[in-house]
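Dropping query.txt in here (compact mmCIF, C-alpha atoms and all ligand atoms):
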# COMPACT_ATOMS: atom_id res chain seq x y z
CA MET A 27 0.00 0.00 0.00
CA ILE A 28 1.10 3.52 -0.68
CA SER A 29 -0.37 6.05 1.73
CA PRO A 30 -2.01 9.19 0.32
CA LEU A 31 1.02 11.19 1.38
CA ALA A 32 3.43 8.71 -0.21
CA ALA A 33 1.26 8.75 -3.33
CA GLY A 34 1.76 12.50 -3.42
CA ILE A 35 5.51 12.03 -3.34
CA TYR A 36 5.19 9.39 -6.01
CA GLU A 37 3.24 11.78 -8.23
CA GLY A 38 5.91 14.34 -7.50
CA LEU A 39 8.28 12.27 -9.57
CA GLY A 40 6.55 13.45 -12.70
CA ALA A 41 5.61 11.35 -15.67
CA ALA A 42 9.09 10.94 -17.09
CA ALA A 43 10.68 9.50 -13.98
CA GLY A 44 7.61 7.81 -12.57
CA ALA A 45 6.53 5.93 -15.67
CA GLY A 46 9.25 3.34 -15.43
CA LEU A 47 8.82 2.61 -11.73
CA ALA A 48 6.89 -0.41 -10.58
CA VAL A 49 4.37 0.54 -7.92
CA GLY A 50 5.03 -1.66 -4.95
CA ALA A 51 7.16 -2.21 -1.94
CA TYR A 52 10.36 -1.25 -3.69
CA ALA A 53 8.95 2.01 -4.98
CA TYR A 54 7.49 2.71 -1.56
CA ALA A 55 10.75 2.08 0.25
CA SER A 56 12.88 3.94 -2.25
CA LEU A 57 10.70 7.04 -2.53
CA TRP A 58 8.84 7.63 0.69
CA PRO A 59 10.84 10.07 2.85
CA GLY A 60 9.84 8.31 6.07
CA SER A 61 11.07 4.91 4.91
CA ARG A 62 14.20 3.76 6.70
CA ILE A 63 14.46 0.49 4.77
CA PHE A 64 17.21 1.88 2.56
CA GLY A 65 19.21 3.54 5.31
CA ALA A 66 18.77 6.36 7.76
CA ALA A 67 18.77 9.94 6.60
CA LEU A 68 18.46 13.26 8.37
CA THR A 69 14.91 14.58 8.39
CA ALA A 70 14.38 16.70 11.52
CA PRO A 71 15.09 16.26 15.22
CA ALA A 72 12.72 16.44 18.19
CA ARG A 73 13.22 20.18 18.54
CA PRO A 74 9.85 21.91 18.19
CA GLY A 75 10.20 25.54 17.25
CA GLU A 76 13.10 24.99 14.84
CA LEU A 77 12.54 25.33 11.10
CA ALA A 78 15.02 24.54 8.33
CA LEU A 79 14.15 26.16 5.03
CA THR A 80 15.73 24.11 2.23
CA PHE A 81 15.66 24.98 -1.47
CA ASP A 82 16.17 22.40 -4.22
CA ASP A 83 17.08 22.36 -7.93
CA GLY A 84 18.86 25.73 -8.13
CA PRO A 85 20.65 27.88 -8.70
CA ASN A 86 18.18 29.79 -10.88
CA ALA A 87 19.45 33.04 -12.41
CA THR A 88 16.26 34.99 -11.68
CA TRP A 89 14.74 33.47 -8.56
CA THR A 90 17.73 32.53 -6.45
CA PRO A 91 18.95 36.17 -6.20
CA ARG A 92 15.42 37.30 -5.29
CA LEU A 93 15.26 34.63 -2.60
CA LEU A 94 18.67 35.66 -1.25
CA ASP A 95 17.41 39.24 -0.91
CA ILE A 96 14.35 38.09 1.04
CA LEU A 97 16.38 35.84 3.35
CA ALA A 98 18.80 38.73 3.98
CA GLN A 99 15.92 41.07 4.86
CA HIS A 100 14.80 38.56 7.49
CA GLU A 101 18.37 37.77 8.59
CA VAL A 102 17.64 34.08 8.07
CA ARG A 103 20.02 31.44 6.76
CA ALA A 104 18.81 28.48 4.73
CA THR A 105 20.15 25.38 2.99
CA PHE A 106 20.43 25.15 -0.80
CA PHE A 107 20.61 21.75 -2.50
CA LEU A 108 22.18 22.68 -5.82
CA LEU A 109 22.40 20.78 -9.09
CA GLY A 110 26.05 20.49 -10.10
CA SER A 111 25.31 21.23 -13.75
CA ARG A 112 23.50 24.47 -12.86
CA ALA A 113 26.13 25.48 -10.33
CA ALA A 114 28.95 25.02 -12.86
CA ALA A 115 27.16 27.41 -15.22
CA GLN A 116 26.66 30.11 -12.54
CA PRO A 117 29.64 30.03 -10.16
CA GLU A 118 29.19 33.69 -9.13
CA LEU A 119 25.66 32.99 -7.94
CA VAL A 120 26.88 29.94 -5.99
CA ARG A 121 29.55 32.10 -4.33
CA ARG A 122 26.90 34.67 -3.45
CA ILE A 123 24.79 31.98 -1.72
CA ALA A 124 27.79 30.80 0.30
CA ALA A 125 29.00 34.32 1.10
CA ALA A 126 25.62 35.12 2.64
CA GLY A 127 26.16 32.31 5.15
CA HIS A 128 23.77 29.76 3.68
CA THR A 129 24.62 26.06 3.66
CA ILE A 130 25.17 24.44 0.27
CA GLY A 131 24.31 20.79 -0.36
CA ASN A 132 24.70 18.33 -3.23
CA HIS A 133 21.51 17.47 -5.20
CA SER A 134 23.33 15.47 -7.94
CA TRP A 135 24.64 16.72 -11.27
CA SER A 136 21.66 16.14 -13.57
CA HIS A 137 18.75 15.10 -11.29
CA PRO A 138 18.35 11.43 -12.31
CA ASN A 139 16.28 8.95 -10.32
CA LEU A 140 19.13 7.36 -8.38
CA ALA A 141 17.02 4.34 -7.40
CA ARG A 142 17.28 3.35 -11.06
CA THR A 143 20.78 4.57 -11.92
CA ARG A 144 23.72 2.17 -12.06
CA ALA A 145 26.19 2.51 -9.22
CA SER A 146 29.10 3.83 -11.28
CA HIS A 147 26.91 6.61 -12.65
CA VAL A 148 25.54 7.43 -9.19
CA ARG A 149 29.12 7.87 -8.00
CA GLU A 150 29.89 10.23 -10.90
CA GLU A 151 26.74 12.29 -10.27
CA LEU A 152 27.72 12.78 -6.61
CA ARG A 153 31.48 13.15 -7.05
CA GLN A 154 31.34 15.64 -9.93
CA THR A 155 28.81 17.79 -8.09
CA SER A 156 30.73 17.85 -4.81
CA GLU A 157 34.01 18.61 -6.57
CA THR A 158 32.44 21.44 -8.56
CA LEU A 159 30.75 22.97 -5.53
CA GLN A 160 33.88 22.67 -3.40
CA GLN A 161 35.99 24.34 -6.09
CA ILE A 162 33.52 27.22 -6.28
CA ILE A 163 32.95 27.83 -2.56
CA GLY A 164 36.27 26.60 -1.20
CA ALA A 165 34.69 24.47 1.52
CA PRO A 166 33.56 20.85 1.84
CA VAL A 167 29.98 19.89 0.99
CA LYS A 168 28.45 18.10 3.96
CA PHE A 169 24.88 17.31 2.87
CA PHE A 170 23.30 15.34 0.05
CA ARG A 171 19.63 15.18 -0.89
CA PRO A 172 18.67 12.58 -3.52
CA PRO A 173 16.58 13.87 -6.45
CA PHE A 174 12.90 12.92 -5.91
CA GLY A 175 13.96 11.46 -2.55
CA ALA A 176 14.72 8.30 -4.55
CA ARG A 177 17.50 6.11 -3.18
CA ARG A 178 18.75 2.65 -2.53
CA PRO A 179 21.38 1.54 0.00
CA VAL A 180 24.37 2.10 -2.27
CA VAL A 181 23.37 5.73 -2.88
CA PHE A 182 23.52 6.68 0.79
CA ARG A 183 26.68 4.60 1.31
CA MET A 184 28.40 6.53 -1.48
CA ALA A 185 27.22 9.87 -0.11
CA ARG A 186 28.60 9.01 3.33
CA ALA A 187 31.87 7.80 1.84
CA MET A 188 32.20 11.24 0.26
CA GLY A 189 31.68 12.89 3.64
CA MET A 190 28.05 13.84 3.16
CA GLU A 191 25.04 13.26 5.41
CA PRO A 192 21.99 12.11 3.41
CA VAL A 193 19.00 14.42 3.95
CA LEU A 194 15.31 13.97 3.24
CA TRP A 195 12.47 16.22 4.52
CA ASN A 196 9.22 16.22 6.48
CA ALA A 197 7.37 19.26 5.09
CA MET A 198 6.77 19.50 1.35
CA THR A 199 3.96 20.34 -1.03
CA SER A 200 3.82 20.50 -4.84
CA ASP A 201 5.24 24.02 -4.94
CA TRP A 202 6.77 23.37 -8.39
CA SER A 203 3.31 23.06 -9.98
CA GLU A 204 1.18 25.28 -7.73
CA PRO A 205 0.68 28.86 -9.01
CA SER A 206 -0.66 30.25 -5.73
CA ALA A 207 1.95 31.27 -3.15
CA ASP A 208 -0.83 31.49 -0.55
CA ARG A 209 -1.83 27.88 -1.11
CA ILE A 210 1.80 26.68 -1.00
CA ALA A 211 2.39 28.56 2.25
CA LYS A 212 -0.88 27.42 3.83
CA GLN A 213 -0.18 23.75 3.07
CA LEU A 214 3.31 24.04 4.50
CA MET A 215 2.04 25.89 7.58
CA ASN A 216 -0.41 23.04 8.24
CA LYS A 217 2.47 20.56 8.09
CA ILE A 218 4.79 22.73 10.18
CA ASP A 219 2.13 23.28 12.85
CA GLY A 220 1.33 19.54 12.89
CA LEU A 221 5.01 18.71 13.39
CA GLN A 222 5.18 21.30 16.14
CA ARG A 223 2.26 19.62 17.95
CA ARG A 224 4.11 16.30 17.69
CA GLY A 225 7.25 17.87 19.14
CA ARG A 226 9.31 17.89 15.95
CA ALA A 227 11.28 20.45 14.00
CA ALA A 228 10.35 21.01 10.34
CA ASN A 229 12.64 20.30 7.39
CA ILE A 230 10.84 22.31 4.71
CA VAL A 231 11.40 21.85 0.96
CA LEU A 232 10.74 24.56 -1.59
CA HIS A 233 12.18 24.85 -5.10
CA ASP A 234 14.10 27.93 -6.28
CA GLY A 235 15.02 26.10 -9.49
CA GLY A 236 13.56 23.51 -11.84
CA HIS A 237 15.42 20.36 -12.81
CA ARG A 238 13.76 20.23 -16.23
CA ASP A 239 13.88 23.96 -16.94
CA ALA A 240 16.85 26.11 -15.91
CA ALA A 241 14.66 29.22 -16.26
CA ALA A 242 11.64 27.81 -14.39
CA ASN A 243 9.36 30.48 -12.92
CA ARG A 244 9.67 30.09 -9.17
CA ALA A 245 7.79 33.24 -8.20
CA PRO A 246 5.16 31.29 -6.20
CA SER A 247 7.77 29.27 -4.28
CA VAL A 248 9.84 32.35 -3.44
CA ALA A 249 6.74 34.30 -2.35
CA ALA A 250 5.67 31.32 -0.23
CA ALA A 251 9.07 31.34 1.47
CA GLU A 252 8.52 35.00 2.34
CA LEU A 253 5.10 34.20 3.83
CA LEU A 254 6.69 31.49 6.01
CA LEU A 255 9.40 33.90 7.14
CA GLU A 256 6.79 36.47 8.12
CA ARG A 257 4.52 33.97 9.86
CA TYR A 258 7.22 32.30 11.97
CA ALA A 259 9.69 35.15 12.51
CA LYS A 260 8.73 35.74 16.13
CA SER A 261 7.64 32.27 17.26
CA HIS A 262 10.26 30.00 15.66
CA ARG A 263 13.97 29.77 15.02
CA PHE A 264 15.18 29.31 11.43
CA VAL A 265 18.28 27.11 11.20
CA THR A 266 20.48 25.54 8.56
CA LEU A 267 20.97 21.78 8.57
CA ASP A 268 24.35 22.24 10.28
CA ALA A 269 22.39 22.93 13.47
CA TRP A 270 21.03 19.38 13.43
CA CYS A 271 24.27 17.44 13.02
ZN ZN A 301 15.13 18.10 -7.00

Structure re-expressed in structure tokens:
Amino acid sequence: MISPLAAGIYEGLGAAAGAGLAVGAYAYASLWPGSRIFGAALTAPARPGELALTFDDGPNATWTPRLLDILAQHEVRATFFLLGSRAAAQPELVRRIAAAGHTIGNHSWSHPNLARTRASHVREELRQTSETLQQIIGAPVKFFRPPFGARRPVVFRMARAMGMEPVLWNAMTSDWSEPSADRIAKQLMNKIDGLQRRGRAANIVLHDGGHRDAAANRAPSVAAAELLLERYAKSHRFVTLDAWC
């Protein structure tokens, strides 16, 4: 069985990646963020009141700078899971993210489904991205988030061997396909408040880039991030993932 929430994640794969996946226990275990069958990953600790904003699939030439401005206005630091291919094309923007004090993580080079990628290619996706990011920012990359949350044991083993902690999430909505910032923010607030009631911190995913489209319009996601910053500025503490390791 795939729960409604897991089904949402599964749909999140999109037609191209999802079409080839058999629906069943393997797909469930390899895609559902809560599944520990394929190895433990960092989601969020039992620290209610702490929020980690994380942004995937960037950098994006238009929306990442706008997001950086908003984060700076709120004096909040976040975590950016960058695609190596996009980072290599925009090293100045990557340096700007790092210089502002944000944490930079590895989100693979080209965003394949790593549950279905042969091991030697997985290694190249991770290695090339970490090397590129480290050359640009001059510091080691300590976090890895698998594209689509898809993984199998070897993927996390390789990430750890390269010095990276695998990271999933516990608060996400389909921000990449939702045009209303208000709806994105409201759905995330419901999840964040639910986690708070259960005594957990929130590891929130939004997308400042698009893995299929380098120029994806991320206006709704960036505006939703601003709504979250405004809503939780006084009651919560925004942290980067470094705070949880
Ligand atoms: Zn992604």

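Between ligand ZN 301 (chain A) and the residues A:Leu79, A:Leu232, A:Leu152, A:Ala251, the shortest atom-to-atom distance, using all atoms listed in the file, involves A:Leu232.
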
Could you list, as number ranges by chain, all the residues within 9 Å of ligand ZN 301 (chain A), counting only C-alpha atoms and all ligand atoms?
A: 81-84, 107-109, 133-134, 137, 171-175, 233, 235-237

Got a sec: who's within 12 Å of Lys168 (chain A), counting only C-alpha atoms, leaving out chain neighbours fewer than 3 positions off, as an MDAnalysis selection string?
chainID A and resid 68 105:107 129:133 152 156:157 159:160 165 171 185:193 266:268 271

Given the selection you just returned, output its residues as a file containing C-alpha atoms, formatted as a PDB file, in the coordinates of the input.
ATOM      1  CA  LEU A  68      18.460  13.260   8.370  1.00  0.00           C
ATOM      2  CA  THR A 105      20.150  25.380   2.990  1.00  0.00           C
ATOM      3  CA  PHE A 106      20.430  25.150  -0.800  1.00  0.00           C
ATOM      4  CA  PHE A 107      20.610  21.750  -2.500  1.00  0.00           C
ATOM      5  CA  THR A 129      24.620  26.060   3.660  1.00  0.00           C
ATOM      6  CA  ILE A 130      25.170  24.440   0.270  1.00  0.00           C
ATOM      7  CA  GLY A 131      24.310  20.790  -0.360  1.00  0.00           C
ATOM      8  CA  ASN A 132      24.700  18.330  -3.230  1.00  0.00           C
ATOM      9  CA  HIS A 133      21.510  17.470  -5.200  1.00  0.00           C
ATOM     10  CA  LEU A 152      27.720  12.780  -6.610  1.00  0.00           C
ATOM     11  CA  SER A 156      30.730  17.850  -4.810  1.00  0.00           C
ATOM     12  CA  GLU A 157      34.010  18.610  -6.570  1.00  0.00           C
ATOM     13  CA  LEU A 159      30.750  22.970  -5.530  1.00  0.00           C
ATOM     14  CA  GLN A 160      33.880  22.670  -3.400  1.00  0.00           C
ATOM     15  CA  ALA A 165      34.690  24.470   1.520  1.00  0.00           C
ATOM     16  CA  ARG A 171      19.630  15.180  -0.890  1.00  0.00           C
ATOM     17  CA  ALA A 185      27.220   9.870  -0.110  1.00  0.00           C
ATOM     18  CA  ARG A 186      28.600   9.010   3.330  1.00  0.00           C
ATOM     19  CA  ALA A 187      31.870   7.800   1.840  1.00  0.00           C
ATOM     20  CA  MET A 188      32.200  11.240   0.260  1.00  0.00           C
ATOM     21  CA  GLY A 189      31.680  12.890   3.640  1.00  0.00           C
ATOM     22  CA  MET A 190      28.050  13.840   3.160  1.00  0.00           C
ATOM     23  CA  GLU A 191      25.040  13.260   5.410  1.00  0.00           C
ATOM     24  CA  PRO A 192      21.990  12.110   3.410  1.00  0.00           C
ATOM     25  CA  VAL A 193      19.000  14.420   3.950  1.00  0.00           C
ATOM     26  CA  THR A 266      20.480  25.540   8.560  1.00  0.00           C
ATOM     27  CA  LEU A 267      20.970  21.780   8.570  1.00  0.00           C
ATOM     28  CA  ASP A 268      24.350  22.240  10.280  1.00  0.00           C
ATOM     29  CA  CYS A 271      24.270  17.440  13.020  1.00  0.00           C
TER      30      CYS A 271
END

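The gap separating CA of Arg226 (chain A) from CA of Pro85 (chain A) is 28.9 Å, in Å to one decimal.
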
Would you list the residues near (28.1, 21.3, -12.2), meaning any protein, DNA or RNA residue with an atom at most 8 Å from that point in file coordinates, counting all atoms listed in the file, as a compact mmCIF listing (two decimals) with C-alpha atoms, keeping the file's coordinate frame?
# COMPACT_ATOMS: atom_id res chain seq x y z
CA LEU A 109 22.40 20.78 -9.09
CA GLY A 110 26.05 20.49 -10.10
CA SER A 111 25.31 21.23 -13.75
CA ARG A 112 23.50 24.47 -12.86
CA ALA A 113 26.13 25.48 -10.33
CA ALA A 114 28.95 25.02 -12.86
CA ALA A 115 27.16 27.41 -15.22
CA TRP A 135 24.64 16.72 -11.27
CA GLN A 154 31.34 15.64 -9.93
CA THR A 155 28.81 17.79 -8.09
CA THR A 158 32.44 21.44 -8.56
CA LEU A 159 30.75 22.97 -5.53

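When the distance limit is 8 Å and all atoms listed in the file are what count, the residues near Ile96 (chain A), minus those fewer than 4 positions from it on the same chain, are A:Arg92, A:His100, A:Glu252.
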
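The residue that comes closest to Ala250 (chain A), out of A:Thr69, A:Gln99, A:Gln213, A:Ser136 and on the basis of all atoms listed in the file, is A:Gln213.
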
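Put simply, CA of Asn196 (chain A) is 6.3 Å away from CA of Ala228 (chain A).
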
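Minimum atom-to-atom distances from A:Val102, A:Leu254, A:Ala66, A:Val231 to His128 (chain A) were compared using all atoms listed in the file, and the lowest value belongs to A:Val102.
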